Amino acid sequence: MFKRLGAYLDSIKARDPAPRSRAEILLYPGVWALGYHRIAHALFRRRFFFLARAVNHWSRWLTAIDIHPGAKIGRNFFIDHGFTVIGETAEIGDDVTIYQCVTLGGTSPDNGVAGKRHPTILDGAILGSGAQVLGPITVGRRARVGANAVVTKDVPEGAVMVGIPARPVLVEAETWKQDWMPYGTPCSQMFDPATQKLEIMRCEMETLRKRLDAMIAEREAAKAEHEPKLFSPEQRDSA
């Protein structure tokens with residue numbers, strides 16, 4: 001057990017340059033939240049739902065991280081800083097990194113059937129701070145989701161997603177081959193001038209399209225108001 005704990009702490013140290021020792025990492029809220037989740041998940045699988053929720057409630061109060069006892073989490077999962085929400089049917093693979101204020105949220109089933117409502121995050125994925133990954137979608141291996149992105153569709157393996165709604169951006173081959181990159185998205189991709197200009201143009205086109213639709217609707221309404229009304233033969237006879 002201590003060997004596995006040491007390997008887990010070392011995996012965090014490899015992804016976070018801040019701590020000077022394993023002991024310092026033991027104070028991280030993400031480490032405590034994952035430890036409590038292992039207990040809560042074991043109780044949940046044995047159908048001790050109330051006890052599992054009680055452990056979850058205590059963990060949330062202590063760490064400000066809310067992981068539903070039903071969520072399935074693999075090895076070397078790292079939540080940096082915290083304030084994260086992970087839903088019941090979420091599935092997380094190995095070596096996944098999540099930064100602060102991330103939500104693995106679910107969809108509300110209209111048919112009343114619970115089912116798979118939350119995302120699946122495959123091995124090595126990185127979710128930047130404030131990212132919202134919603135619904136029963138899959139984030140591929142080694143994919144990166146940029147800060148504050150809203151993901152509602154499947155993410156291919158190795159893709160970099162930015163924006164609202166999230167869209168893939170081009171990544172250099174040298175960047176894709178790296179074993180791990182902090183904060184989820186290369187700065188050269190997040191702040192690429194060409195990408196920013198395209199985003200501005202897209203927003204302007206969307207605004208113009210909405211204005212055009214509104215003008216067409218107003219014109220049709222005015223046209224209908226001034227057109228002479230036609231009466232049926234029965235209406236003319238009664239008049």
# chains A, B, ... in the order shown; residues from 1 in each chain; ligands from 1

$ residues_around --residues "His37 of chain A" --least-positions-apart "2" --cutoff "9 Å" --atoms "only C-alpha atoms" --output "PyMOL selection string"
chain A and resi 32-35+39-42+52+55-56+59+67-69+71+73

$ write_last_selection --atoms "N, CA and C atoms" --output "PDB file, in the first residue's frame"
ATOM      1  N   TRP A  32      -6.590  14.250  -0.744  1.00  0.00           N
ATOM      2  CA  TRP A  32      -7.560  13.846   0.269  1.00  0.00           C
ATOM      3  C   TRP A  32      -8.911  13.502  -0.362  1.00  0.00           C
ATOM      4  N   ALA A  33      -9.327  14.311  -1.332  1.00  0.00           N
ATOM      5  CA  ALA A  33     -10.614  14.048  -1.981  1.00  0.00           C
ATOM      6  C   ALA A  33     -10.612  12.691  -2.673  1.00  0.00           C
ATOM      7  N   LEU A  34      -9.508  12.352  -3.330  1.00  0.00           N
ATOM      8  CA  LEU A  34      -9.432  11.055  -3.997  1.00  0.00           C
ATOM      9  C   LEU A  34      -9.406   9.919  -2.979  1.00  0.00           C
ATOM     10  N   GLY A  35      -8.688  10.109  -1.873  1.00  0.00           N
ATOM     11  CA  GLY A  35      -8.662   9.086  -0.831  1.00  0.00           C
ATOM     12  C   GLY A  35     -10.038   8.814  -0.249  1.00  0.00           C
ATOM     13  N   ILE A  39     -12.884   5.331  -0.549  1.00  0.00           N
ATOM     14  CA  ILE A  39     -13.709   4.739   0.526  1.00  0.00           C
ATOM     15  C   ILE A  39     -15.188   4.803   0.148  1.00  0.00           C
ATOM     16  N   ALA A  40     -15.639   5.982  -0.292  1.00  0.00           N
ATOM     17  CA  ALA A  40     -17.050   6.159  -0.636  1.00  0.00           C
ATOM     18  C   ALA A  40     -17.448   5.244  -1.790  1.00  0.00           C
ATOM     19  N   HIS A  41     -16.569   5.083  -2.778  1.00  0.00           N
ATOM     20  CA  HIS A  41     -16.889   4.243  -3.925  1.00  0.00           C
ATOM     21  C   HIS A  41     -17.004   2.771  -3.519  1.00  0.00           C
ATOM     22  N   ALA A  42     -16.114   2.342  -2.610  1.00  0.00           N
ATOM     23  CA  ALA A  42     -16.203   0.959  -2.127  1.00  0.00           C
ATOM     24  C   ALA A  42     -17.525   0.728  -1.409  1.00  0.00           C
ATOM     25  N   ALA A  52     -21.922   5.912   1.945  1.00  0.00           N
ATOM     26  CA  ALA A  52     -21.112   6.468   0.864  1.00  0.00           C
ATOM     27  C   ALA A  52     -21.357   7.967   0.728  1.00  0.00           C
ATOM     28  N   VAL A  55     -19.648   9.906   3.587  1.00  0.00           N
ATOM     29  CA  VAL A  55     -18.214  10.103   3.345  1.00  0.00           C
ATOM     30  C   VAL A  55     -18.010  11.194   2.299  1.00  0.00           C
ATOM     31  N   ASN A  56     -18.821  11.161   1.255  1.00  0.00           N
ATOM     32  CA  ASN A  56     -18.748  12.185   0.215  1.00  0.00           C
ATOM     33  C   ASN A  56     -19.032  13.577   0.774  1.00  0.00           C
ATOM     34  N   SER A  59     -16.052  14.750   2.770  1.00  0.00           N
ATOM     35  CA  SER A  59     -14.959  15.091   1.864  1.00  0.00           C
ATOM     36  C   SER A  59     -15.207  16.437   1.179  1.00  0.00           C
ATOM     37  N   ILE A  67     -17.018  14.730  -5.444  1.00  0.00           N
ATOM     38  CA  ILE A  67     -16.955  13.559  -6.324  1.00  0.00           C
ATOM     39  C   ILE A  67     -18.056  12.593  -5.896  1.00  0.00           C
ATOM     40  N   HIS A  68     -18.994  12.345  -6.766  1.00  0.00           N
ATOM     41  CA  HIS A  68     -20.073  11.421  -6.423  1.00  0.00           C
ATOM     42  C   HIS A  68     -19.492  10.029  -6.153  1.00  0.00           C
ATOM     43  N   PRO A  69     -19.999   9.340  -5.136  1.00  0.00           N
ATOM     44  CA  PRO A  69     -19.456   8.014  -4.812  1.00  0.00           C
ATOM     45  C   PRO A  69     -19.535   7.019  -5.963  1.00  0.00           C
ATOM     46  N   ALA A  71     -18.868   7.588  -9.145  1.00  0.00           N
ATOM     47  CA  ALA A  71     -17.914   7.856 -10.222  1.00  0.00           C
ATOM     48  C   ALA A  71     -16.774   6.837 -10.191  1.00  0.00           C
ATOM     49  N   ILE A  73     -12.912   6.014 -11.093  1.00  0.00           N
ATOM     50  CA  ILE A  73     -11.672   6.770 -11.292  1.00  0.00           C
ATOM     51  C   ILE A  73     -10.491   5.808 -11.319  1.00  0.00           C
TER      52      ILE A  73
END

$ select_by_dssp --residues "segment 8-227 of chain A" --states "helix (DSSP H, G or I)" --output "number ranges by chain"
A: 8-15, 22-25, 29-45, 49-63, 173-176, 187-190, 193-226

$ residues_around --residues "Ala143 of chain A" --least-positions-apart "2" --cutoff "7 Å" --atoms "only C-alpha atoms" --output "ChimeraX atom specification"
/A:125-126,139-141,145,157-160

$ atom_distance --atom1 "atom CA of Thr120 of chain A" --atom2 "atom CA of Cys101 of chain A"
17.7 Å

$ residues_around --residues "segment 148-155 of chain A" --least-positions-apart "5" --cutoff "6 Å" --atoms "only C-alpha atoms" --output "ChimeraX atom specification"
/A:130-134,137-140,162-166

$ residues_around --residues "segment 82-98 of chain A" --least-positions-apart "4" --cutoff "6 Å" --atoms "only C-alpha atoms" --output "list in words"
Ala64, Ile65, Asp66, Ile67, His68, Gly70, Ala71, Lys72, Ile73, Gly74, Arg75, Asn76, Phe77, Phe78, Val102, Thr103, Leu104, Gly105, Lys116, His118, Pro119, Thr120, Ile121, Leu122, Asp123, Gly124, Ala125, Ile126 and Leu127 of chain A

$ write_last_selection --atoms "C-alpha atoms" --output "short mmCIF file (atom, residue, chain, number, x, y, z; two decimals), in the first residue's frame"
data_model
loop_
_atom_site.label_atom_id
_atom_site.label_comp_id
_atom_site.auth_asym_id
_atom_site.auth_seq_id
_atom_site.Cartn_x
_atom_site.Cartn_y
_atom_site.Cartn_z
CA ALA A 64 -14.29 21.76 -1.58
CA ILE A 65 -14.23 18.95 -4.14
CA ASP A 66 -17.45 17.04 -4.86
CA ILE A 67 -16.95 13.56 -6.32
CA HIS A 68 -20.07 11.42 -6.42
CA GLY A 70 -20.59 6.29 -8.00
CA ALA A 71 -17.91 7.86 -10.22
CA LYS A 72 -15.24 5.45 -11.51
CA ILE A 73 -11.67 6.77 -11.29
CA GLY A 74 -8.44 5.13 -12.46
CA ARG A 75 -4.85 5.38 -11.26
CA ASN A 76 -2.81 8.55 -10.67
CA PHE A 77 -5.75 10.93 -10.90
CA PHE A 78 -4.68 14.47 -9.96
CA VAL A 102 -13.81 21.89 -13.57
CA THR A 103 -17.23 20.24 -13.89
CA LEU A 104 -17.87 16.78 -15.29
CA GLY A 105 -21.58 17.39 -15.54
CA LYS A 116 -25.05 7.21 -18.51
CA HIS A 118 -21.74 12.09 -17.40
CA PRO A 119 -18.56 12.11 -19.51
CA THR A 120 -15.83 9.52 -19.89
CA ILE A 121 -12.26 10.88 -19.68
CA LEU A 122 -9.67 8.54 -21.16
CA ASP A 123 -6.03 8.05 -20.12
CA GLY A 124 -3.69 11.01 -20.01
CA ALA A 125 -6.28 13.71 -20.72
CA ILE A 126 -5.85 17.19 -19.25
CA LEU A 127 -8.76 19.50 -18.40
#

$ decode --residues "segment 128-175 of chain A" --atoms "N, CA and C atoms" --output "JSON list (two decimals), in the first residue's frame"
[["chain", "number", "residue", "atom", "x", "y", "z"],
["A", 128, "GLY", "N", -8.28, 21.88, -18.46],
["A", 128, "GLY", "CA", -7.83, 23.16, -17.92],
["A", 128, "GLY", "C", -8.83, 23.76, -16.96],
["A", 129, "SER", "N", -8.40, 24.77, -16.21],
["A", 129, "SER", "CA", -9.22, 25.37, -15.16],
["A", 129, "SER", "C", -10.51, 25.96, -15.74],
["A", 130, "GLY", "N", -11.60, 25.69, -15.06],
["A", 130, "GLY", "CA", -12.90, 26.22, -15.47],
["A", 130, "GLY", "C", -13.57, 25.48, -16.60],
["A", 131, "ALA", "N", -12.97, 24.40, -17.08],
["A", 131, "ALA", "CA", -13.57, 23.65, -18.19],
["A", 131, "ALA", "C", -14.86, 22.97, -17.73],
["A", 132, "GLN", "N", -15.83, 22.93, -18.63],
["A", 132, "GLN", "CA", -17.11, 22.26, -18.36],
["A", 132, "GLN", "C", -17.30, 21.17, -19.42],
["A", 133, "VAL", "N", -17.27, 19.93, -18.97],
["A", 133, "VAL", "CA", -17.44, 18.79, -19.88],
["A", 133, "VAL", "C", -18.79, 18.18, -19.53],
["A", 134, "LEU", "N", -19.73, 18.26, -20.47],
["A", 134, "LEU", "CA", -21.13, 17.98, -20.14],
["A", 134, "LEU", "C", -21.70, 16.86, -20.99],
["A", 135, "GLY", "N", -22.41, 15.95, -20.34],
["A", 135, "GLY", "CA", -23.12, 14.90, -21.04],
["A", 135, "GLY", "C", -22.31, 13.62, -21.19],
["A", 136, "PRO", "N", -22.95, 12.57, -21.72],
["A", 136, "PRO", "CA", -22.30, 11.26, -21.86],
["A", 136, "PRO", "C", -21.37, 11.21, -23.07],
["A", 137, "ILE", "N", -20.37, 12.06, -23.08],
["A", 137, "ILE", "CA", -19.43, 12.14, -24.19],
["A", 137, "ILE", "C", -18.10, 11.52, -23.76],
["A", 138, "THR", "N", -17.18, 11.39, -24.71],
["A", 138, "THR", "CA", -15.87, 10.80, -24.43],
["A", 138, "THR", "C", -14.79, 11.80, -24.81],
["A", 139, "VAL", "N", -13.88, 12.03, -23.87],
["A", 139, "VAL", "CA", -12.68, 12.83, -24.13],
["A", 139, "VAL", "C", -11.54, 11.85, -24.38],
["A", 140, "GLY", "N", -10.97, 11.88, -25.57],
["A", 140, "GLY", "CA", -10.00, 10.88, -25.99],
["A", 140, "GLY", "C", -8.69, 10.91, -25.23],
["A", 141, "ARG", "N", -7.90, 9.88, -25.43],
["A", 141, "ARG", "CA", -6.59, 9.77, -24.78],
["A", 141, "ARG", "C", -5.71, 10.96, -25.14],
["A", 142, "ARG", "N", -5.04, 11.48, -24.11],
["A", 142, "ARG", "CA", -4.09, 12.58, -24.24],
["A", 142, "ARG", "C", -4.70, 13.83, -24.86],
["A", 143, "ALA", "N", -6.00, 13.95, -24.82],
["A", 143, "ALA", "CA", -6.65, 15.17, -25.28],
["A", 143, "ALA", "C", -6.46, 16.27, -24.25],
["A", 144, "ARG", "N", -6.56, 17.51, -24.70],
["A", 144, "ARG", "CA", -6.40, 18.66, -23.81],
["A", 144, "ARG", "C", -7.58, 19.59, -24.00],
["A", 145, "VAL", "N", -8.19, 19.96, -22.90],
["A", 145, "VAL", "CA", -9.31, 20.89, -22.94],
["A", 145, "VAL", "C", -8.85, 22.18, -22.30],
["A", 146, "GLY", "N", -8.91, 23.27, -23.06],
["A", 146, "GLY", "CA", -8.41, 24.56, -22.58],
["A", 146, "GLY", "C", -9.27, 25.15, -21.47],
["A", 147, "ALA", "N", -8.73, 26.16, -20.82],
["A", 147, "ALA", "CA", -9.42, 26.82, -19.71],
["A", 147, "ALA", "C", -10.75, 27.41, -20.16],
["A", 148, "ASN", "N", -11.78, 27.18, -19.34],
["A", 148, "ASN", "CA", -13.12, 27.73, -19.55],
["A", 148, "ASN", "C", -13.82, 27.22, -20.80],
["A", 149, "ALA", "N", -13.29, 26.19, -21.43],
["A", 149, "ALA", "CA", -13.97, 25.61, -22.59],
["A", 149, "ALA", "C", -15.21, 24.85, -22.14],
["A", 150, "VAL", "N", -16.21, 24.82, -23.01],
["A", 150, "VAL", "CA", -17.45, 24.07, -22.74],
["A", 150, "VAL", "C", -17.54, 22.97, -23.79],
["A", 151, "VAL", "N", -17.39, 21.72, -23.35],
["A", 151, "VAL", "CA", -17.34, 20.59, -24.26],
["A", 151, "VAL", "C", -18.65, 19.81, -24.17],
["A", 152, "THR", "N", -19.33, 19.67, -25.31],
["A", 152, "THR", "CA", -20.60, 18.93, -25.34],
["A", 152, "THR", "C", -20.59, 17.82, -26.38],
["A", 153, "LYS", "N", -19.45, 17.65, -27.08],
["A", 153, "LYS", "CA", -19.33, 16.60, -28.09],
["A", 153, "LYS", "C", -18.05, 15.82, -27.86],
["A", 154, "ASP", "N", -17.98, 14.61, -28.41],
["A", 154, "ASP", "CA", -16.80, 13.77, -28.24],
["A", 154, "ASP", "C", -15.54, 14.50, -28.70],
["A", 155, "VAL", "N", -14.44, 14.25, -27.96],
["A", 155, "VAL", "CA", -13.15, 14.85, -28.27],
["A", 155, "VAL", "C", -12.22, 13.75, -28.79],
["A", 156, "PRO", "N", -11.65, 13.91, -30.00],
["A", 156, "PRO", "CA", -10.77, 12.88, -30.54],
["A", 156, "PRO", "C", -9.48, 12.74, -29.73],
["A", 157, "GLU", "N", -8.82, 11.64, -29.91],
["A", 157, "GLU", "CA", -7.54, 11.40, -29.24],
["A", 157, "GLU", "C", -6.53, 12.48, -29.62],
["A", 158, "GLY", "N", -5.86, 13.04, -28.60],
["A", 158, "GLY", "CA", -4.81, 14.01, -28.83],
["A", 158, "GLY", "C", -5.26, 15.39, -29.25],
["A", 159, "ALA", "N", -6.56, 15.64, -29.31],
["A", 159, "ALA", "CA", -7.06, 16.94, -29.76],
["A", 159, "ALA", "C", -6.89, 18.00, -28.67],
["A", 160, "VAL", "N", -6.82, 19.26, -29.10],
["A", 160, "VAL", "CA", -6.81, 20.41, -28.19],
["A", 160, "VAL", "C", -8.09, 21.19, -28.44],
["A", 161, "MET", "N", -8.91, 21.34, -27.40],
["A", 161, "MET", "CA", -10.21, 21.98, -27.53],
["A", 161, "MET", "C", -10.22, 23.31, -26.79],
["A", 162, "VAL", "N", -10.70, 24.36, -27.46],
["A", 162, "VAL", "CA", -10.81, 25.67, -26.84],
["A", 162, "VAL", "C", -12.13, 26.30, -27.25],
["A", 163, "GLY", "N", -12.63, 27.24, -26.43],
["A", 163, "GLY", "CA", -13.78, 28.05, -26.80],
["A", 163, "GLY", "C", -15.09, 27.55, -26.26],
["A", 164, "ILE", "N", -16.15, 28.33, -26.57],
["A", 164, "ILE", "CA", -17.52, 28.02, -26.17],
["A", 164, "ILE", "C", -18.42, 28.16, -27.39],
["A", 165, "PRO", "N", -18.96, 27.08, -27.93],
["A", 165, "PRO", "CA", -18.66, 25.69, -27.56],
["A", 165, "PRO", "C", -17.25, 25.31, -28.00],
["A", 166, "ALA", "N", -16.68, 24.29, -27.39],
["A", 166, "ALA", "CA", -15.30, 23.93, -27.64],
["A", 166, "ALA", "C", -15.11, 23.43, -29.08],
["A", 167, "ARG", "N", -14.00, 23.88, -29.68],
["A", 167, "ARG", "CA", -13.65, 23.45, -31.03],
["A", 167, "ARG", "C", -12.18, 23.06, -31.04],
["A", 168, "PRO", "N", -11.80, 22.12, -31.90],
["A", 168, "PRO", "CA", -10.39, 21.71, -31.95],
["A", 168, "PRO", "C", -9.54, 22.76, -32.66],
["A", 169, "VAL", "N", -8.28, 22.88, -32.23],
["A", 169, "VAL", "CA", -7.32, 23.76, -32.89],
["A", 169, "VAL", "C", -6.14, 22.93, -33.34],
["A", 170, "LEU", "N", -5.41, 23.44, -34.32],
["A", 170, "LEU", "CA", -4.25, 22.73, -34.83],
["A", 170, "LEU", "C", -3.11, 22.74, -33.80],
["A", 171, "VAL", "N", -2.42, 21.60, -33.71],
["A", 171, "VAL", "CA", -1.31, 21.48, -32.78],
["A", 171, "VAL", "C", -0.10, 20.96, -33.53],
["A", 172, "GLU", "N", 1.06, 21.57, -33.25],
["A", 172, "GLU", "CA", 2.28, 21.09, -33.90],
["A", 172, "GLU", "C", 2.58, 19.66, -33.47],
["A", 173, "ALA", "N", 3.20, 18.90, -34.37],
["A", 173, "ALA", "CA", 3.53, 17.51, -34.07],
["A", 173, "ALA", "C", 4.45, 17.40, -32.86],
["A", 174, "GLU", "N", 5.38, 18.36, -32.70],
["A", 174, "GLU", "CA", 6.29, 18.31, -31.56],
["A", 174, "GLU", "C", 5.54, 18.46, -30.25],
["A", 175, "THR", "N", 4.51, 19.30, -30.25],
["A", 175, "THR", "CA", 3.70, 19.49, -29.05],
["A", 175, "THR", "C", 2.89, 18.25, -28.74]]
